[in-house]
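Novice: The structure that follows is given in the form of structure tokens.
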Amino acid sequence: MANLKEVKGRIQSVTSTQQITKAMKMVAAAKLRRAQDSILQMRPYAQKLNDILQNVSSGLEDNDDNLYGKEREENKVLIIPISSDKGLCGAFNSNVFKRVTRLLEENYASQYKRGNVTILPIGKRSFEYYKKRGYTTVDDYADIFTKLSFEEAKLAAEYAMKGFASGDFDKVEIVYNEFKNVATQIIKAEQFLPIISNEIESENTFETPTDYIYQPSKENIVEELIPKSLKIQLYKAILESNASENGARMTAMDKATDNAGELLKELKLTYNRTRQAAITKEILEIVGGADALG
């Protein structure tokens, strides 16, 4: 049986850990409220803009007018995994890494073997993960979450768009956690480029593309709307991931706090039993000594 000093030391250690996890849960809850407000405000705008983008893209008579809608043989692939900067958020980051691995195995195995898969990590955890494993990475956008804003996110989007337009990449995919609620995050792998035509989606929904009247001209609309919409889509994915991260951390710290509470109960019970056993032993020794003297 452990001595009293060891058990008391463990109780103090677990109590300190519980205080830390409780504080981290409160911090995550405060950040979650702000992140949740941001993504809830962004979703309707991003969804409507994406619908317009798909309709405009499908309505173009000449695909050459749309640099970002050209479908090519998928020889070179860019994958954008969005993770967190820090850990202690449960399976949040590992789910992203597993989804990317599955994506490579199922869809891009031949490209990966030829060295034609590039990773653009967003978040320090994904940067460290793929850098350590020898992947070809783009290292300039890993720290977006240190100063999260649309201006920072659009730089990463512009890199992917320029790479696609110039032929450096034939396909771009984003892997991230979509925020559903505090306890649930849905892992997503979405095609960023080329733009998915609304005609493809409407095959299952029986919807027809909207016939827009272009003002001032279709060329100006394509030139301005499509790049802006793509930047918004990436920014939305980053906001989704940010809200999901704080929700996952809040849940993980809540569980850790509860587990620490359960462990404290067991340790205190062990401490009381050990203390009782020590007192009983001392009493028996005193009684035995008294009998010997008698």
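Note on naming: chains are A, B, ... as they come in the structure tokens, residues start from 1 per chain, ligands start from 1 in the order shown.
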Determine, counting only C-alpha atoms, which protein, DNA and RNA residues have an atom within 12 Å of an atom of Tyr108 (chain A); residues of the same chain fewer than 6 positions away are not included. Present the result as an mmCIF file with C-alpha atoms, in the first residue's frame.
Specialist:
data_model
loop_
_atom_site.group_PDB
_atom_site.id
_atom_site.type_symbol
_atom_site.label_atom_id
_atom_site.label_comp_id
_atom_site.auth_asym_id
_atom_site.auth_seq_id
_atom_site.Cartn_x
_atom_site.Cartn_y
_atom_site.Cartn_z
ATOM 1 C CA GLU A 73 -6.139 15.161 -65.995
ATOM 2 C CA GLU A 74 -5.308 15.007 -62.300
ATOM 3 C CA ASN A 75 -1.529 14.711 -62.476
ATOM 4 C CA LYS A 76 -0.631 17.242 -59.780
ATOM 5 C CA VAL A 77 -2.712 17.668 -56.634
ATOM 6 C CA LEU A 78 -2.694 20.258 -53.858
ATOM 7 C CA ILE A 79 -4.304 19.338 -50.533
ATOM 8 C CA VAL A 100 -5.983 13.202 -45.759
ATOM 9 C CA THR A 101 -4.309 9.784 -45.593
ATOM 10 C CA ARG A 102 -7.513 8.117 -46.761
ATOM 11 C CA ARG A 114 5.185 10.008 -58.354
ATOM 12 C CA GLY A 115 5.722 12.838 -55.869
ATOM 13 C CA ASN A 116 2.990 14.974 -57.400
ATOM 14 C CA VAL A 117 1.073 15.683 -54.188
ATOM 15 C CA THR A 118 1.723 18.978 -52.412
ATOM 16 C CA ASP A 170 -4.664 20.143 -61.617
ATOM 17 C CA LYS A 171 -6.868 19.752 -58.553
ATOM 18 C CA VAL A 172 -7.103 21.380 -55.130
ATOM 19 C CA GLU A 173 -8.904 19.861 -52.134
#
Novice: With a distance cut-off of 7 Å and only C-alpha atoms, select the neighbouring residues of Ala183 (chain A), excluding the residue or stretch itself and same-chain residues fewer than 2 positions from it, and output the selection as a list in words.
Specialist: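 My list of contacting residues is Asn181, Gln185, Gly247, Ala248 and Thr251 of chain A.
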Novice: Atoms to include: N, CA and C atoms. Write the selected residues as an mmCIF file, in the first residue's frame.
Specialist:
data_model
loop_
_atom_site.group_PDB
_atom_site.id
_atom_site.type_symbol
_atom_site.label_atom_id
_atom_site.label_comp_id
_atom_site.auth_asym_id
_atom_site.auth_seq_id
_atom_site.Cartn_x
_atom_site.Cartn_y
_atom_site.Cartn_z
ATOM 1 N N ASN A 181 -21.938 21.339 -33.552
ATOM 2 C CA ASN A 181 -22.235 21.842 -32.219
ATOM 3 C C ASN A 181 -20.996 21.622 -31.349
ATOM 4 N N GLN A 185 -18.103 17.549 -34.451
ATOM 5 C CA GLN A 185 -17.438 18.157 -35.597
ATOM 6 C C GLN A 185 -17.432 17.130 -36.727
ATOM 7 N N GLY A 247 -14.689 24.072 -29.888
ATOM 8 C CA GLY A 247 -15.688 23.137 -29.376
ATOM 9 C C GLY A 247 -15.061 21.832 -28.932
ATOM 10 N N ALA A 248 -14.117 21.318 -29.734
ATOM 11 C CA ALA A 248 -13.436 20.069 -29.390
ATOM 12 C C ALA A 248 -12.588 20.236 -28.129
ATOM 13 N N THR A 251 -14.872 20.398 -25.045
ATOM 14 C CA THR A 251 -15.355 19.057 -24.701
ATOM 15 C C THR A 251 -14.251 18.222 -24.070
#
Novice: Which is closest to Ser166 (chain A) among A:Tyr68, A:Phe92, A:Ile213, A:Ile82, if we use only C-alpha atoms?
Specialist: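 Of A:Tyr68, A:Phe92, A:Ile213, A:Ile82, the one nearest Ser166 (chain A) is A:Tyr68, counting only C-alpha atoms.
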Novice: As a PDB file with C-alpha atoms, in the first residue's frame, please: the residues near Asn259 (chain A) (cut-off 12 Å, only C-alpha atoms, same-chain neighbours under 5 positions excluded).
Specialist:
ATOM      1  CA  VAL A  14      -4.304  15.920  -9.718  1.00  0.00           C
ATOM      2  CA  THR A  15      -5.948  18.926  -8.031  1.00  0.00           C
ATOM      3  CA  THR A  17      -4.274  19.493 -13.151  1.00  0.00           C
ATOM      4  CA  GLN A  18      -8.015  19.765 -12.569  1.00  0.00           C
ATOM      5  CA  THR A  21      -8.255  21.862 -17.305  1.00  0.00           C
ATOM      6  CA  LYS A  22     -11.183  23.770 -15.778  1.00  0.00           C
ATOM      7  CA  ALA A 252     -11.928  17.502 -24.130  1.00  0.00           C
ATOM      8  CA  MET A 253     -11.161  19.751 -21.144  1.00  0.00           C
ATOM      9  CA  ASP A 254     -14.606  19.083 -19.676  1.00  0.00           C
ATOM     10  CA  LEU A 264      -9.408  12.526  -6.798  1.00  0.00           C
ATOM     11  CA  LYS A 265     -12.232  10.532  -5.210  1.00  0.00           C
ATOM     12  CA  GLU A 266     -10.223   7.328  -5.547  1.00  0.00           C
TER      13      GLU A 266
END
Novice: Quote the spacing between CA of Lys5 (chain A) and CA of Lys281 (chain A) in Å to one decimal place.
Specialist: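 Answer for the CA of Lys5 (chain A) to CA of Lys281 (chain A) separation: 16.9 Å.
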Novice: Record the distance separating CA of Arg34 (chain A) and CA of Glu151 (chain A), expressed in Å with one decimal.
Specialist: 18.5 Å
Novice: List every residue of region 12-197 of chain A that DSSP, applied to the backbone of this structure, places in strand (DSSP E or B), and write the result as number ranges by chain.
Specialist: A: 77-82, 117-119, 122, 136-137, 171-181, 184-193
Novice: Would you write out those residues with C-alpha atoms, as a PDB file, in the first residue's frame?
Specialist:
ATOM      1  CA  VAL A  77      -2.712  17.668 -56.634  1.00  0.00           C
ATOM      2  CA  LEU A  78      -2.694  20.258 -53.858  1.00  0.00           C
ATOM      3  CA  ILE A  79      -4.304  19.338 -50.533  1.00  0.00           C
ATOM      4  CA  ILE A  80      -5.056  21.963 -47.870  1.00  0.00           C
ATOM      5  CA  PRO A  81      -5.455  20.319 -44.424  1.00  0.00           C
ATOM      6  CA  ILE A  82      -6.747  22.765 -41.794  1.00  0.00           C
ATOM      7  CA  VAL A 117       1.073  15.683 -54.188  1.00  0.00           C
ATOM      8  CA  THR A 118       1.723  18.978 -52.412  1.00  0.00           C
ATOM      9  CA  ILE A 119       0.446  19.834 -48.935  1.00  0.00           C
ATOM     10  CA  ILE A 122      -2.990  25.660 -42.337  1.00  0.00           C
ATOM     11  CA  THR A 136       6.248  18.346 -50.097  1.00  0.00           C
ATOM     12  CA  THR A 137       4.792  21.317 -48.235  1.00  0.00           C
ATOM     13  CA  LYS A 171      -6.868  19.752 -58.553  1.00  0.00           C
ATOM     14  CA  VAL A 172      -7.103  21.380 -55.130  1.00  0.00           C
ATOM     15  CA  GLU A 173      -8.904  19.861 -52.134  1.00  0.00           C
ATOM     16  CA  ILE A 174      -9.580  21.199 -48.637  1.00  0.00           C
ATOM     17  CA  VAL A 175      -9.808  18.927 -45.575  1.00  0.00           C
ATOM     18  CA  TYR A 176     -11.264  20.450 -42.416  1.00  0.00           C
ATOM     19  CA  ASN A 177     -13.664  19.981 -39.499  1.00  0.00           C
ATOM     20  CA  GLU A 178     -17.121  21.449 -40.044  1.00  0.00           C
ATOM     21  CA  PHE A 179     -18.720  22.838 -36.890  1.00  0.00           C
ATOM     22  CA  LYS A 180     -22.056  21.301 -35.964  1.00  0.00           C
ATOM     23  CA  ASN A 181     -22.235  21.842 -32.219  1.00  0.00           C
ATOM     24  CA  THR A 184     -19.802  17.272 -32.779  1.00  0.00           C
ATOM     25  CA  GLN A 185     -17.438  18.157 -35.597  1.00  0.00           C
ATOM     26  CA  ILE A 186     -17.879  16.656 -39.068  1.00  0.00           C
ATOM     27  CA  ILE A 187     -14.718  15.946 -41.025  1.00  0.00           C
ATOM     28  CA  LYS A 188     -14.991  17.255 -44.600  1.00  0.00           C
ATOM     29  CA  ALA A 189     -12.977  16.825 -47.802  1.00  0.00           C
ATOM     30  CA  GLU A 190     -14.184  19.359 -50.375  1.00  0.00           C
ATOM     31  CA  GLN A 191     -13.045  20.091 -53.907  1.00  0.00           C
ATOM     32  CA  PHE A 192     -11.799  23.664 -54.085  1.00  0.00           C
ATOM     33  CA  LEU A 193     -10.590  23.678 -57.696  1.00  0.00           C
TER      34      LEU A 193
END
Novice: Considering only C-alpha atoms, state which residue in the set A:Asn66, A:Ser16, A:Ser217, A:Ser83 is at the smallest distance from Ser126 (chain A).
Specialist: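 Using only C-alpha atoms, the shortest distance to Ser126 (chain A) belongs to A:Ser83.
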Novice: Using only C-alpha atoms, determine which residues lie at most 10 Å from Leu234 (chain A), disregarding the query and same-chain residues fewer than 6 positions distant; provide the list as a CSV table (one decimal) with C-alpha atoms, in the first residue's frame.
Specialist:
chain,number,residue,atom,x,y,z
A,46,ALA,CA,-20.8,32.0,-48.4
A,80,ILE,CA,-5.1,22.0,-47.9
A,150,PHE,CA,-9.9,37.3,-44.3
A,153,ALA,CA,-6.8,33.6,-45.6
A,154,LYS,CA,-7.1,35.1,-49.0
A,156,ALA,CA,-3.5,31.1,-49.2
A,157,ALA,CA,-6.5,31.0,-51.5
A,174,ILE,CA,-9.6,21.2,-48.6
A,192,PHE,CA,-11.8,23.7,-54.1
A,240,GLU,CA,-15.5,26.3,-39.5
Novice: Report, in Å to a single decimal, how far apart CA of Arg249 (chain A) and CA of Gly87 (chain A) are.
Specialist: 8.3 Å
Novice: When DSSP works through the backbone of this structure, what residues of region 26-162 of chain A end up as helix (DSSP H, G or I), shown as a ChimeraX atom specification?
Specialist: /A:26-59,63-65,92-106,109-113,124-132,144-147,150-162
Novice: Take the selection from the previous step and output its residues with C-alpha atoms, as a short mmCIF file (atom, residue, chain, number, x, y, z; two decimals), in the first residue's frame.
Specialist:
data_model
loop_
_atom_site.label_atom_id
_atom_site.label_comp_id
_atom_site.auth_asym_id
_atom_site.auth_seq_id
_atom_site.Cartn_x
_atom_site.Cartn_y
_atom_site.Cartn_z
CA MET A 26 -13.58 28.29 -19.64
CA VAL A 27 -11.15 29.92 -22.07
CA ALA A 28 -12.26 27.58 -24.87
CA ALA A 29 -15.92 28.36 -24.09
CA ALA A 30 -15.26 32.11 -24.38
CA LYS A 31 -13.40 31.67 -27.68
CA LEU A 32 -16.09 29.32 -28.95
CA ARG A 33 -18.81 31.92 -28.54
CA ARG A 34 -16.92 34.38 -30.73
CA ALA A 35 -15.94 31.72 -33.29
CA GLN A 36 -19.50 30.38 -33.43
CA ASP A 37 -20.92 33.85 -34.04
CA SER A 38 -18.42 34.39 -36.86
CA ILE A 39 -19.21 31.16 -38.71
CA LEU A 40 -22.99 31.48 -38.27
CA GLN A 41 -22.83 34.94 -39.84
CA MET A 42 -20.55 33.75 -42.65
CA ARG A 43 -22.46 30.61 -43.70
CA PRO A 44 -25.50 32.20 -45.44
CA TYR A 45 -23.33 34.64 -47.37
CA ALA A 46 -20.80 31.98 -48.39
CA GLN A 47 -23.52 29.51 -49.40
CA LYS A 48 -25.37 32.04 -51.54
CA LEU A 49 -22.16 33.23 -53.16
CA ASN A 50 -21.16 29.63 -53.85
CA ASP A 51 -24.55 28.96 -55.51
CA ILE A 52 -24.12 32.01 -57.74
CA LEU A 53 -20.57 30.93 -58.53
CA GLN A 54 -21.68 27.47 -59.64
CA ASN A 55 -24.52 28.88 -61.75
CA VAL A 56 -22.27 31.44 -63.42
CA SER A 57 -19.61 28.80 -64.09
CA SER A 58 -22.09 26.37 -65.61
CA GLY A 59 -23.59 29.16 -67.74
CA ASN A 63 -14.81 27.23 -70.62
CA ASP A 64 -11.71 29.22 -71.53
CA ASP A 65 -13.43 32.26 -69.98
CA PHE A 92 -9.64 17.11 -33.75
CA ASN A 93 -6.25 17.10 -35.50
CA SER A 94 -5.85 13.35 -35.90
CA ASN A 95 -9.19 13.18 -37.74
CA VAL A 96 -7.86 15.65 -40.31
CA PHE A 97 -4.64 13.66 -40.77
CA LYS A 98 -6.55 10.39 -41.12
CA ARG A 99 -8.91 11.90 -43.69
CA VAL A 100 -5.98 13.20 -45.76
CA THR A 101 -4.31 9.78 -45.59
CA ARG A 102 -7.51 8.12 -46.76
CA LEU A 103 -7.86 10.67 -49.54
CA LEU A 104 -4.35 9.92 -50.75
CA GLU A 105 -4.86 6.15 -50.59
CA GLU A 106 -8.26 6.12 -52.31
CA ALA A 109 -2.22 6.99 -54.72
CA SER A 110 -0.50 7.16 -58.12
CA GLN A 111 0.09 10.91 -57.84
CA TYR A 112 1.58 10.45 -54.38
CA LYS A 113 3.93 7.71 -55.59
CA LYS A 124 0.94 24.63 -36.88
CA ARG A 125 -0.06 21.07 -36.01
CA SER A 126 -0.57 20.06 -39.63
CA PHE A 127 2.62 21.91 -40.63
CA GLU A 128 4.65 19.94 -38.05
CA TYR A 129 2.94 16.66 -38.93
CA TYR A 130 3.57 16.77 -42.69
CA LYS A 131 6.99 18.42 -42.44
CA LYS A 132 8.20 15.69 -40.10
CA ILE A 144 -2.90 31.92 -40.17
CA PHE A 145 -4.60 31.29 -36.81
CA THR A 146 -2.17 33.57 -34.96
CA LYS A 147 -3.84 36.49 -36.74
CA PHE A 150 -9.92 37.33 -44.29
CA GLU A 151 -6.81 39.19 -45.46
CA GLU A 152 -4.60 36.36 -44.19
CA ALA A 153 -6.84 33.60 -45.55
CA LYS A 154 -7.10 35.11 -49.02
CA LEU A 155 -3.30 34.89 -49.45
CA ALA A 156 -3.49 31.10 -49.16
CA ALA A 157 -6.46 31.03 -51.54
CA GLU A 158 -4.59 33.18 -54.05
CA TYR A 159 -1.61 30.81 -53.95
CA ALA A 160 -3.85 27.83 -54.75
CA MET A 161 -5.71 29.76 -57.46
CA LYS A 162 -2.52 30.96 -59.15
#
